[in-house]
file upload_39.csv (CSV, C-alpha atoms and all ligand atoms)
chain,number,residue,atom,x,y,z
A,668,MET,CA,90.4,79.0,94.6
A,669,GLN,CA,93.8,78.4,96.4
A,670,ILE,CA,96.4,81.1,96.7
A,671,ALA,CA,99.3,80.3,94.4
A,672,ARG,CA,101.7,82.0,92.0
A,673,ASN,CA,100.0,84.5,89.7
A,674,LYS,CA,96.8,84.7,91.7
A,675,VAL,CA,95.5,88.1,92.8
A,676,VAL,CA,95.0,88.0,96.5
A,677,THR,CA,93.0,90.5,98.4
A,678,ILE,CA,93.6,90.7,102.2
A,679,HIS,CA,92.5,92.7,105.2
A,680,TYR,CA,95.5,92.9,107.5
A,681,THR,CA,96.8,94.4,110.7
A,682,LEU,CA,100.6,94.6,111.4
A,683,ARG,CA,101.8,94.7,115.0
A,684,ASP,CA,105.2,94.8,116.6
A,685,GLU,CA,106.5,92.4,119.2
A,686,GLN,CA,104.7,94.5,121.9
A,687,GLY,CA,101.4,94.4,120.1
A,688,ALA,CA,101.4,98.0,119.0
A,689,VAL,CA,99.7,98.5,115.7
A,690,ILE,CA,102.2,99.6,113.0
A,691,ASP,CA,100.0,99.4,109.9
A,692,SER,CA,96.5,98.3,109.1
A,693,SER,CA,94.2,98.0,106.1
A,694,SER,CA,91.2,98.9,108.2
A,695,GLY,CA,89.8,102.3,107.2
A,696,ARG,CA,91.9,102.3,104.0
A,697,GLY,CA,90.4,99.3,102.3
A,698,PRO,CA,91.9,95.9,101.7
A,699,LEU,CA,95.2,95.3,99.9
A,700,ALA,CA,95.3,93.4,96.6
A,701,TYR,CA,98.6,91.9,95.6
A,702,LEU,CA,100.0,89.6,93.0
A,703,HIS,CA,101.1,86.4,94.7
A,704,GLY,CA,104.6,84.9,94.1
A,705,LYS,CA,106.2,88.1,92.9
A,706,GLY,CA,107.7,89.4,96.1
A,707,ASN,CA,105.2,92.2,96.4
A,708,ILE,CA,104.8,91.5,100.1
A,709,VAL,CA,107.3,90.3,102.7
A,710,PRO,CA,108.5,86.7,102.0
A,711,GLY,CA,107.4,85.4,105.4
A,712,LEU,CA,103.8,86.5,104.9
A,713,GLU,CA,103.7,85.4,101.2
A,714,ARG,CA,104.9,81.9,102.2
A,715,ALA,CA,102.2,81.7,105.0
A,716,LEU,CA,99.5,82.6,102.6
A,717,ASP,CA,100.5,80.0,100.0
A,718,GLY,CA,97.7,77.4,99.6
A,719,ARG,CA,95.1,79.4,101.7
A,720,GLY,CA,91.8,80.5,100.4
A,721,ALA,CA,89.1,83.2,100.7
A,722,GLY,CA,87.7,83.4,104.2
A,723,ASP,CA,90.8,82.1,105.9
A,724,LYS,CA,92.1,84.0,108.9
A,725,LEU,CA,95.6,83.6,110.1
A,726,ASP,CA,98.1,85.1,112.5
A,727,VAL,CA,101.7,85.0,111.2
A,728,THR,CA,104.8,85.9,113.1
A,729,VAL,CA,107.6,86.9,110.6
A,730,ALA,CA,111.2,87.1,111.7
A,731,PRO,CA,113.3,90.0,110.4
A,732,GLU,CA,115.1,87.8,107.9
A,733,GLN,CA,111.7,86.9,106.3
A,734,GLY,CA,110.4,90.5,106.8
A,735,TYR,CA,112.3,93.7,106.0
A,736,GLY,CA,115.7,92.2,106.6
A,737,LEU,CA,118.3,92.6,109.3
A,738,ARG,CA,119.6,96.0,110.2
A,739,ASP,CA,122.8,97.0,108.4
A,740,GLU,CA,124.8,99.5,110.6
A,741,ARG,CA,126.8,100.5,107.6
A,742,LEU,CA,123.7,102.3,106.3
A,743,VAL,CA,123.9,104.7,109.3
A,744,GLU,CA,126.0,107.7,108.4
A,745,ILE,CA,126.8,111.0,109.9
A,746,VAL,CA,126.9,113.8,107.3
A,747,PRO,CA,127.8,117.5,107.6
A,748,ARG,CA,124.7,119.6,108.0
A,749,SER,CA,126.2,121.9,105.3
A,750,ARG,CA,125.3,119.2,102.8
A,751,PHE,CA,121.7,120.2,103.0
A,752,PRO,CA,120.4,123.4,101.4
A,753,ALA,CA,120.2,126.3,103.8
A,754,GLY,CA,116.8,126.4,105.5
A,755,THR,CA,116.1,122.7,105.1
A,756,GLU,CA,114.1,121.7,108.1
A,757,LEU,CA,115.6,118.6,109.8
A,758,ALA,CA,114.2,116.7,112.8
A,759,PRO,CA,114.5,113.2,114.2
A,760,GLY,CA,112.0,110.8,112.6
A,761,MET,CA,111.7,112.7,109.4
A,762,GLN,CA,112.2,110.7,106.2
A,763,LEU,CA,114.2,112.1,103.3
A,764,ARG,CA,114.7,111.0,99.7
A,765,THR,CA,118.3,111.0,98.7
A,766,SER,CA,120.1,110.2,95.5
A,767,GLY,CA,123.6,108.6,95.5
A,768,ALA,CA,125.7,105.9,93.9
A,769,ARG,CA,123.0,103.3,94.7
A,770,GLY,CA,120.2,105.4,93.2
A,771,ALA,CA,117.3,107.1,95.0
A,772,ARG,CA,116.5,105.8,98.4
A,773,ILE,CA,114.6,106.8,101.6
A,774,VAL,CA,116.6,107.6,104.7
A,775,SER,CA,115.4,108.5,108.2
A,776,VAL,CA,116.9,111.3,110.2
A,777,VAL,CA,118.0,109.9,113.5
A,778,LYS,CA,119.8,112.8,115.2
A,779,VAL,CA,120.3,116.5,114.4
A,780,GLU,CA,123.3,118.4,115.9
A,781,ARG,CA,124.6,121.8,115.2
A,782,ASP,CA,127.1,120.7,112.5
A,783,PHE,CA,126.1,117.1,111.8
A,784,VAL,CA,123.1,115.0,110.9
A,785,THR,CA,122.8,111.3,111.6
A,786,LEU,CA,120.9,109.4,108.8
A,787,ASP,CA,119.8,105.8,108.7
A,788,GLY,CA,119.3,104.1,105.3
A,789,ASN,CA,117.7,101.0,106.8
A,790,HIS,CA,114.0,100.3,106.2
A,791,PRO,CA,112.2,101.5,109.3
A,792,LEU,CA,111.0,97.9,110.0
A,793,ALA,CA,114.4,96.3,109.4
A,794,GLY,CA,115.5,94.1,112.3
A,795,ARG,CA,111.9,94.0,113.6
A,796,THR,CA,109.7,90.9,114.2
A,797,LEU,CA,106.4,91.4,112.5
A,798,ARG,CA,103.1,90.0,113.7
A,799,PHE,CA,100.4,90.0,111.0
A,800,SER,CA,96.7,89.2,111.5
A,801,VAL,CA,95.3,88.5,108.1
A,802,GLU,CA,91.9,87.7,106.6
A,803,VAL,CA,91.8,86.6,103.0
A,804,ALA,CA,89.0,88.4,101.3
A,805,ASP,CA,89.3,87.2,97.7
A,806,VAL,CA,91.5,85.1,95.4
A,807,ARG,CA,91.3,85.4,91.6
A,808,ARG,CA,93.4,84.5,88.6
A,809,ALA,CA,95.6,87.4,87.4
A,810,THR,CA,95.1,88.8,83.9
A,811,HIS,CA,98.0,88.4,81.4
A,812,GLU,CA,98.6,92.1,81.7
A,813,GLU,CA,98.9,91.9,85.5
A,814,VAL,CA,101.3,89.0,85.2
A,815,SER,CA,103.5,90.9,82.7
A,816,HIS,CA,103.5,94.0,84.8
A,817,GLY,CA,104.2,92.1,88.0
A,818,HIS,CA,101.4,93.9,89.9
A,819,VAL,CA,97.7,94.1,90.3
A,820,HIS,CA,95.4,96.5,88.5
A,821,GLY,CA,92.2,98.0,89.7
A,822,PRO,CA,90.8,98.3,93.2
A,823,GLY,CA,93.5,97.9,95.9
A,824,GLY,CA,96.2,97.8,93.2
A,825,HIS,CA,97.9,100.0,90.7
A,826,HIS,CA,96.1,102.6,88.6
A,827,HIS,CA,98.0,103.6,85.5
A,901,ZN,ZN,100.5,97.7,85.5
call {"tool": "encode", "arguments": {"input": "upload_39.csv", "output": "structure tokens", "more": "lines below"}}
Ligand code: ZN
result
Amino acid sequence: MQIARNKVVTIHYTLRDEQGAVIDSSSGRGPLAYLHGKGNIVPGLERALDGRGAGDKLDVTVAPEQGYGLRDERLVEIVPRSRFPAGTELAPGMQLRTSGARGARIVSVVKVERDFVTLDGNHPLAGRTLRFSVEVADVRRATHEEVSHGHVHGPGGHHH
């Protein structure tokens, strides 16, 4: 069965950066199952998998525009440390959940100074070229329920 819109695709994958360092991998965690054609994975990888089938192996290089987007320097902000509750532990590399005008989002702590904290609201992989090594393990038709929810149920997918 070919990968197409509304198929459930199960993949083993390893994601590396431009230097070849592993960023993420399904090995040891079990394969990822996703609903194809719904934007559940980055666009560049979804496009590369289109028309492929079980057993196919592919290496895909995804430019930032087809991955997690370009960096937006306007999402970097310096806020007074006093905005955080006393005793809040803050260190570079930490990720925090904040709520604001644009709703809840995840920001990374970039720098911590005595009175100020630098936060970055970009996705940690924004602006990065992504190199995926993928093996397609399985392709099946999605159920009506999966299509209406926009995601996969069962192993490798959502559990309600
Ligand atoms: Zn669901």
call {"tool": "residues_near_ligand", "arguments": {"input": "upload_39.csv", "ligand": "ligand ZN 901 (chain A)", "cutoff": "10 Å", "atoms": "all atoms listed in the file", "output": "count of residues only"}}
result
14
call {"tool": "atom_distance", "arguments": {"input": "upload_39.csv", "atom1": "CA of Ile773 in chain A", "atom2": "CA of Gly794 in chain A"}}
result
16.6 Å
call {"tool": "closest_atom_pairs", "arguments": {"input": "upload_39.csv", "of": "range 705-810 of chain A", "to": "range 688-694 of chain A", "cutoff": "12 Å", "atoms": "all atoms listed in the file", "output": "JSON lines"}}
result
{"residue": "A:Pro791", "atom": "CA", "partner": "A:Ile690", "partner_atom": "CA", "distance": 10.8}
{"residue": "A:Leu792", "atom": "CA", "partner": "A:Ile690", "partner_atom": "CA", "distance": 9.5}
{"residue": "A:Arg795", "atom": "CA", "partner": "A:Ile690", "partner_atom": "CA", "distance": 11.2}
{"residue": "A:Thr796", "atom": "CA", "partner": "A:Ile690", "partner_atom": "CA", "distance": 11.5}
{"residue": "A:Leu797", "atom": "CA", "partner": "A:Ile690", "partner_atom": "CA", "distance": 9.2}
{"residue": "A:Arg798", "atom": "CA", "partner": "A:Val689", "partner_atom": "CA", "distance": 9.4}
{"residue": "A:Phe799", "atom": "CA", "partner": "A:Ser692", "partner_atom": "CA", "distance": 9.4}
{"residue": "A:Ser800", "atom": "CA", "partner": "A:Ser692", "partner_atom": "CA", "distance": 9.4}
{"residue": "A:Val801", "atom": "CA", "partner": "A:Ser693", "partner_atom": "CA", "distance": 9.8}
{"residue": "A:Glu802", "atom": "CA", "partner": "A:Ser693", "partner_atom": "CA", "distance": 10.6}
{"residue": "A:Ala804", "atom": "CA", "partner": "A:Ser693", "partner_atom": "CA", "distance": 11.9}
call {"tool": "closest_residue", "arguments": {"input": "upload_39.csv", "among": "A:Leu742, A:Ala730, A:Val776, A:Leu702", "to": "Leu716 in chain A", "atoms": "only C-alpha atoms"}}
result
A:Leu702
call {"tool": "closest_residue", "arguments": {"input": "upload_39.csv", "among": "A:Asn789, A:Thr728, A:Arg683, A:Val746", "to": "Ala715 in chain A", "atoms": "all atoms listed in the file"}}
result
A:Thr728
call {"tool": "residues_around", "arguments": {"input": "upload_39.csv", "residues": "Val784 in chain A", "least_positions_apart": "4", "cutoff": "10 Å", "atoms": "all atoms listed in the file", "output": "PDB file with C-alpha atoms, in the coordinates of the input"}}
result
ATOM      1  CA  GLU A 744     126.000 107.700 108.400  1.00  0.00           C
ATOM      2  CA  ILE A 745     126.800 111.000 109.900  1.00  0.00           C
ATOM      3  CA  VAL A 746     126.900 113.800 107.300  1.00  0.00           C
ATOM      4  CA  PRO A 747     127.800 117.500 107.600  1.00  0.00           C
ATOM      5  CA  ARG A 748     124.700 119.600 108.000  1.00  0.00           C
ATOM      6  CA  SER A 749     126.200 121.900 105.300  1.00  0.00           C
ATOM      7  CA  ARG A 750     125.300 119.200 102.800  1.00  0.00           C
ATOM      8  CA  PHE A 751     121.700 120.200 103.000  1.00  0.00           C
ATOM      9  CA  LEU A 757     115.600 118.600 109.800  1.00  0.00           C
ATOM     10  CA  ALA A 758     114.200 116.700 112.800  1.00  0.00           C
ATOM     11  CA  PRO A 759     114.500 113.200 114.200  1.00  0.00           C
ATOM     12  CA  VAL A 776     116.900 111.300 110.200  1.00  0.00           C
ATOM     13  CA  VAL A 777     118.000 109.900 113.500  1.00  0.00           C
ATOM     14  CA  LYS A 778     119.800 112.800 115.200  1.00  0.00           C
ATOM     15  CA  VAL A 779     120.300 116.500 114.400  1.00  0.00           C
ATOM     16  CA  GLU A 780     123.300 118.400 115.900  1.00  0.00           C
TER      17      GLU A 780
END
call {"tool": "residues_near_point", "arguments": {"input": "upload_39.csv", "point": "(93.3, 79.5, 94.8)", "cutoff": "12 Å", "atoms": "all atoms listed in the file", "output": "list in words"}}
result
Met668, Gln669, Ile670, Ala671, Arg672, Asn673, Lys674, Val675, Val676, Thr677, His703, Leu716, Asp717, Gly718, Arg719, Gly720, Ala721, Gly722, Asp723, Val803, Ala804, Asp805, Val806, Arg807, Arg808 and Ala809 of chain A
call {"tool": "write_last_selection", "arguments": {"input": "upload_39.csv", "atoms": "C-alpha atoms", "output": "PDB file, in the frame of the given file"}}
result
ATOM      1  CA  MET A 668      90.400  79.000  94.600  1.00  0.00           C
ATOM      2  CA  GLN A 669      93.800  78.400  96.400  1.00  0.00           C
ATOM      3  CA  ILE A 670      96.400  81.100  96.700  1.00  0.00           C
ATOM      4  CA  ALA A 671      99.300  80.300  94.400  1.00  0.00           C
ATOM      5  CA  ARG A 672     101.700  82.000  92.000  1.00  0.00           C
ATOM      6  CA  ASN A 673     100.000  84.500  89.700  1.00  0.00           C
ATOM      7  CA  LYS A 674      96.800  84.700  91.700  1.00  0.00           C
ATOM      8  CA  VAL A 675      95.500  88.100  92.800  1.00  0.00           C
ATOM      9  CA  VAL A 676      95.000  88.000  96.500  1.00  0.00           C
ATOM     10  CA  THR A 677      93.000  90.500  98.400  1.00  0.00           C
ATOM     11  CA  HIS A 703     101.100  86.400  94.700  1.00  0.00           C
ATOM     12  CA  LEU A 716      99.500  82.600 102.600  1.00  0.00           C
ATOM     13  CA  ASP A 717     100.500  80.000 100.000  1.00  0.00           C
ATOM     14  CA  GLY A 718      97.700  77.400  99.600  1.00  0.00           C
ATOM     15  CA  ARG A 719      95.100  79.400 101.700  1.00  0.00           C
ATOM     16  CA  GLY A 720      91.800  80.500 100.400  1.00  0.00           C
ATOM     17  CA  ALA A 721      89.100  83.200 100.700  1.00  0.00           C
ATOM     18  CA  GLY A 722      87.700  83.400 104.200  1.00  0.00           C
ATOM     19  CA  ASP A 723      90.800  82.100 105.900  1.00  0.00           C
ATOM     20  CA  VAL A 803      91.800  86.600 103.000  1.00  0.00           C
ATOM     21  CA  ALA A 804      89.000  88.400 101.300  1.00  0.00           C
ATOM     22  CA  ASP A 805      89.300  87.200  97.700  1.00  0.00           C
ATOM     23  CA  VAL A 806      91.500  85.100  95.400  1.00  0.00           C
ATOM     24  CA  ARG A 807      91.300  85.400  91.600  1.00  0.00           C
ATOM     25  CA  ARG A 808      93.400  84.500  88.600  1.00  0.00           C
ATOM     26  CA  ALA A 809      95.600  87.400  87.400  1.00  0.00           C
TER      27      ALA A 809
END
call {"tool": "atom_distance", "arguments": {"input": "upload_39.csv", "atom1": "CA of Arg696 in chain A", "atom2": "CA of Ala771 in chain A"}}
result
27.4 Å
call {"tool": "atom_distance", "arguments": {"input": "upload_39.csv", "atom1": "CA of Ala700 in chain A", "atom2": "CA of Gly823 in chain A"}}
result
4.9 Å
call {"tool": "closest_residue", "arguments": {"input": "upload_39.csv", "among": "A:Pro731, A:Gly687, A:Gly697, A:Gly770", "to": "Pro710 in chain A", "atoms": "all atoms listed in the file"}}
result
A:Pro731
call {"tool": "residues_around", "arguments": {"input": "upload_39.csv", "residues": "Ser775 in chain A", "least_positions_apart": "4", "cutoff": "9 Å", "atoms": "all atoms listed in the file", "output": "list in words"}}
result
Pro759, Gly760, Met761, Gln762, Leu763, Arg764, Thr785, Leu786, Asp787, Gly788, Asn789, His790 and Pro791 of chain A
